Every structure is written in structure tokens, then in C-alpha cells.
Amino acid sequence: AHQEPEDSEAYARRANIRWAAREDLALSIWRQTSGEFLGASGLHRIDWNIPSFEIGYWLRKSAAGSGYMTEAVKLTTQLAFDTLEANRVFIRCASENQRSAAIPRRLGFVHEGTHRNSHQNAAGDLCDMMVFAMTPDDYERVAWNRASETSPTSV
């Protein structure tokens, strides 16, 4: 939907307002070596009473398969649990999107189920959505989280 620079500027301003109101925490993904914008992630559908967060993400095709999204989702998960004290973090993706589903599986999220005919794809066809989630107990068990507690932090 971003046809002109003004469209992107308007989106960034709306995202900033929603961030400040703690309604939606949009994050961007950048290639560290070149500064190239690669995609986005964030914490959405926030319920502060629980607290519960949905992680959403997308990545430009030229960056797919390089581990950027796995790293981004891992960091977003850490933000949710370590800083925002989440009790539930979940990820939804279309069942036909196996690359997207591989990320929560790789990070130790639990596949809770598949909601049939619950979403329309870009063509308007109904599709199934898989739901993956993590709780604080799950988070404490994942190896990548435990490993970070004992390894030195790089600067």
C-alpha cells in the first residue's frame, strides 16, 4: 500500500502513536552490514491483562533463508518475556506457509492447533491458520534461552 514516501511516513507516524499508547509494538528488521531494510516484526493483539502478545512478521524475498527472521522472532520473544513479563506469546500463520511455520517450530513454540477456514489469503480464498504459542514455562525450557544465560554477551 506504500506507493509514495508520504505513505510510509504516515504509516510510521501511526505506528509511533500506537507504540506510545502501548497498543501495538511494531519493530523493523535491518541488515546490520549495509543498513538495508529487510522486513518487520512486532508484538500485536496485545492483552495487557494477561499479558499476551501475538508476534507477527514479514521479510522481503531477497532476505529469506538467511536466518534473519528466526533471529528477529527470537529477540521479539525475549522482549515479550524478559521485559514485558508475558504469560503468553503466540504466532499465527497460514497452514500452506511452511517457511513461516518453521520459525516458531525452530524456536520451541508449541503447535496448539489449526483453525480451519479462519482467514482469507491475498486472493480472497479461505485458508487454515496454524497457532503456535509459548508460555513462561516453555520459555524457560528452550535451549536458546538457557544458553544465553551462561554465555558472555557480545558487544
# chains A, B, ... in the order shown; residues from 1 in each chain; ligands from 1
>>> residues_around(residues="A:Thr114", least_positions_apart="4", cutoff="7 Å", atoms="only C-alpha atoms", output="count of residues only")
4
>>> residues_around(residues="A:Cys93", least_positions_apart="6", cutoff="12 Å", atoms="only C-alpha atoms", output="ChimeraX atom specification")
/A:54-58,99-105,111,113-116,118-121,127-133
>>> select_by_dssp(residues="stretch 4-67 of chain A", states="alpha helix (DSSP H)", output="VMD selection string")
chain A and resid 5 to 20
>>> select_by_dssp(residues="chain A", states="strand (DSSP E)", output="NGL selection string")
:A and (25-30 or 37-47 or 52-59 or 88-94 or 110-120 or 126-134)
>>> residues_around(residues="A:Pro51", least_positions_apart="4", cutoff="10 Å", atoms="only C-alpha atoms", output="PDB file with N, CA and C atoms, in the first residue's frame")
ATOM      1  N   ILE A  46      -2.307  -7.090  21.577  1.00  0.00           N
ATOM      2  CA  ILE A  46      -1.815  -7.079  22.957  1.00  0.00           C
ATOM      3  C   ILE A  46      -2.980  -7.100  23.933  1.00  0.00           C
ATOM      4  N   ASP A  47      -2.886  -7.980  24.907  1.00  0.00           N
ATOM      5  CA  ASP A  47      -3.832  -8.006  26.033  1.00  0.00           C
ATOM      6  C   ASP A  47      -2.995  -7.837  27.299  1.00  0.00           C
ATOM      7  N   ALA A  80       9.269  -9.895  24.882  1.00  0.00           N
ATOM      8  CA  ALA A  80       7.956 -10.163  25.483  1.00  0.00           C
ATOM      9  C   ALA A  80       8.083 -10.795  26.871  1.00  0.00           C
ATOM     10  N   PHE A  81       8.936 -11.797  27.002  1.00  0.00           N
ATOM     11  CA  PHE A  81       9.044 -12.487  28.290  1.00  0.00           C
ATOM     12  C   PHE A  81       9.939 -11.756  29.285  1.00  0.00           C
ATOM     13  N   LEU A  84       8.557  -7.472  29.158  1.00  0.00           N
ATOM     14  CA  LEU A  84       7.128  -7.181  29.304  1.00  0.00           C
ATOM     15  C   LEU A  84       6.389  -8.210  30.150  1.00  0.00           C
ATOM     16  N   GLU A  85       7.126  -9.209  30.657  1.00  0.00           N
ATOM     17  CA  GLU A  85       6.581 -10.230  31.569  1.00  0.00           C
ATOM     18  C   GLU A  85       5.361 -10.936  30.999  1.00  0.00           C
ATOM     19  N   ALA A  86       5.486 -11.386  29.769  1.00  0.00           N
ATOM     20  CA  ALA A  86       4.394 -12.089  29.087  1.00  0.00           C
ATOM     21  C   ALA A  86       4.037 -13.385  29.794  1.00  0.00           C
ATOM     22  N   ASN A  87       2.772 -13.720  29.739  1.00  0.00           N
ATOM     23  CA  ASN A  87       2.289 -15.034  30.167  1.00  0.00           C
ATOM     24  C   ASN A  87       1.930 -15.899  28.958  1.00  0.00           C
ATOM     25  N   ARG A  88       1.843 -15.265  27.799  1.00  0.00           N
ATOM     26  CA  ARG A  88       1.546 -15.996  26.566  1.00  0.00           C
ATOM     27  C   ARG A  88       2.053 -15.170  25.393  1.00  0.00           C
ATOM     28  N   VAL A  89       2.774 -15.847  24.495  1.00  0.00           N
ATOM     29  CA  VAL A  89       3.203 -15.257  23.236  1.00  0.00           C
ATOM     30  C   VAL A  89       2.783 -16.236  22.162  1.00  0.00           C
TER      31      VAL A  89
END
>>> residues_around(residues="A:Gly39", least_positions_apart="4", cutoff="9 Å", atoms="only C-alpha atoms", output="ChimeraX atom specification")
/A:27-30,57-60,63,69
>>> atom_distance(atom1="atom CA of A:Val142", atom2="atom CA of A:Glu71")
14.4 Å
>>> atom_distance(atom1="atom CA of A:Leu25", atom2="atom CA of A:Leu75")
13.3 Å
>>> closest_residue(among="A:Tyr11, A:Phe37, A:Phe109, A:Trp48", to="A:Met134", atoms="only C-alpha atoms")
A:Phe109
>>> atom_distance(atom1="atom CA of A:Val110", atom2="atom CA of A:Ile91")
9.8 Å
>>> closest_residue(among="A:Leu107, A:Asn97, A:Leu38, A:Gln32", to="A:Ala64", atoms="only C-alpha atoms")
A:Leu38
>>> decode(residues="stretch 39-58 of chain A", atoms="N, CA and C atoms", output="PDB file, in the first residue's frame")
ATOM      1  N   GLY A  39      12.556  -6.126   6.596  1.00  0.00           N
ATOM      2  CA  GLY A  39      11.200  -6.548   6.918  1.00  0.00           C
ATOM      3  C   GLY A  39      10.770  -5.994   8.264  1.00  0.00           C
ATOM      4  N   ALA A  40       9.783  -6.652   8.836  1.00  0.00           N
ATOM      5  CA  ALA A  40       9.235  -6.156  10.093  1.00  0.00           C
ATOM      6  C   ALA A  40       8.760  -7.311  10.962  1.00  0.00           C
ATOM      7  N   SER A  41       8.692  -7.013  12.232  1.00  0.00           N
ATOM      8  CA  SER A  41       8.133  -7.925  13.217  1.00  0.00           C
ATOM      9  C   SER A  41       7.419  -7.040  14.222  1.00  0.00           C
ATOM     10  N   GLY A  42       7.021  -7.610  15.322  1.00  0.00           N
ATOM     11  CA  GLY A  42       6.407  -6.802  16.357  1.00  0.00           C
ATOM     12  C   GLY A  42       5.481  -7.608  17.234  1.00  0.00           C
ATOM     13  N   LEU A  43       4.986  -6.936  18.241  1.00  0.00           N
ATOM     14  CA  LEU A  43       4.040  -7.525  19.188  1.00  0.00           C
ATOM     15  C   LEU A  43       2.686  -6.865  18.947  1.00  0.00           C
ATOM     16  N   HIS A  44       1.715  -7.698  18.602  1.00  0.00           N
ATOM     17  CA  HIS A  44       0.397  -7.216  18.191  1.00  0.00           C
ATOM     18  C   HIS A  44      -0.693  -7.912  19.014  1.00  0.00           C
ATOM     19  N   ARG A  45      -1.930  -7.471  18.807  1.00  0.00           N
ATOM     20  CA  ARG A  45      -3.084  -8.033  19.528  1.00  0.00           C
ATOM     21  C   ARG A  45      -2.752  -8.189  21.024  1.00  0.00           C
ATOM     22  N   ILE A  46      -2.307  -7.090  21.577  1.00  0.00           N
ATOM     23  CA  ILE A  46      -1.815  -7.079  22.957  1.00  0.00           C
ATOM     24  C   ILE A  46      -2.980  -7.100  23.933  1.00  0.00           C
ATOM     25  N   ASP A  47      -2.886  -7.980  24.907  1.00  0.00           N
ATOM     26  CA  ASP A  47      -3.832  -8.006  26.033  1.00  0.00           C
ATOM     27  C   ASP A  47      -2.995  -7.837  27.299  1.00  0.00           C
ATOM     28  N   TRP A  48      -2.973  -6.616  27.825  1.00  0.00           N
ATOM     29  CA  TRP A  48      -2.147  -6.305  28.990  1.00  0.00           C
ATOM     30  C   TRP A  48      -2.686  -6.945  30.264  1.00  0.00           C
ATOM     31  N   ASN A  49      -3.948  -7.393  30.267  1.00  0.00           N
ATOM     32  CA  ASN A  49      -4.497  -8.045  31.462  1.00  0.00           C
ATOM     33  C   ASN A  49      -3.844  -9.394  31.710  1.00  0.00           C
ATOM     34  N   ILE A  50      -3.365 -10.058  30.666  1.00  0.00           N
ATOM     35  CA  ILE A  50      -2.811 -11.412  30.828  1.00  0.00           C
ATOM     36  C   ILE A  50      -1.321 -11.366  31.186  1.00  0.00           C
ATOM     37  N   PRO A  51      -0.393 -10.717  30.683  1.00  0.00           N
ATOM     38  CA  PRO A  51      -0.236 -10.138  29.373  1.00  0.00           C
ATOM     39  C   PRO A  51       0.028 -11.196  28.290  1.00  0.00           C
ATOM     40  N   SER A  52      -0.559 -10.934  27.115  1.00  0.00           N
ATOM     41  CA  SER A  52      -0.471 -11.822  25.967  1.00  0.00           C
ATOM     42  C   SER A  52      -0.149 -10.991  24.731  1.00  0.00           C
ATOM     43  N   PHE A  53       0.696 -11.550  23.846  1.00  0.00           N
ATOM     44  CA  PHE A  53       1.143 -10.835  22.657  1.00  0.00           C
ATOM     45  C   PHE A  53       1.169 -11.786  21.467  1.00  0.00           C
ATOM     46  N   GLU A  54       0.782 -11.294  20.317  1.00  0.00           N
ATOM     47  CA  GLU A  54       0.980 -12.043  19.081  1.00  0.00           C
ATOM     48  C   GLU A  54       2.211 -11.476  18.382  1.00  0.00           C
ATOM     49  N   ILE A  55       3.116 -12.363  17.952  1.00  0.00           N
ATOM     50  CA  ILE A  55       4.250 -11.933  17.138  1.00  0.00           C
ATOM     51  C   ILE A  55       3.847 -12.075  15.678  1.00  0.00           C
ATOM     52  N   GLY A  56       3.952 -10.997  14.961  1.00  0.00           N
ATOM     53  CA  GLY A  56       3.732 -11.018  13.522  1.00  0.00           C
ATOM     54  C   GLY A  56       5.038 -10.707  12.822  1.00  0.00           C
ATOM     55  N   TYR A  57       5.179 -11.143  11.580  1.00  0.00           N
ATOM     56  CA  TYR A  57       6.416 -10.870  10.859  1.00  0.00           C
ATOM     57  C   TYR A  57       6.255 -11.035   9.366  1.00  0.00           C
ATOM     58  N   TRP A  58       7.119 -10.327   8.630  1.00  0.00           N
ATOM     59  CA  TRP A  58       7.256 -10.496   7.189  1.00  0.00           C
ATOM     60  C   TRP A  58       8.677 -10.109   6.812  1.00  0.00           C
TER      61      TRP A  58
END
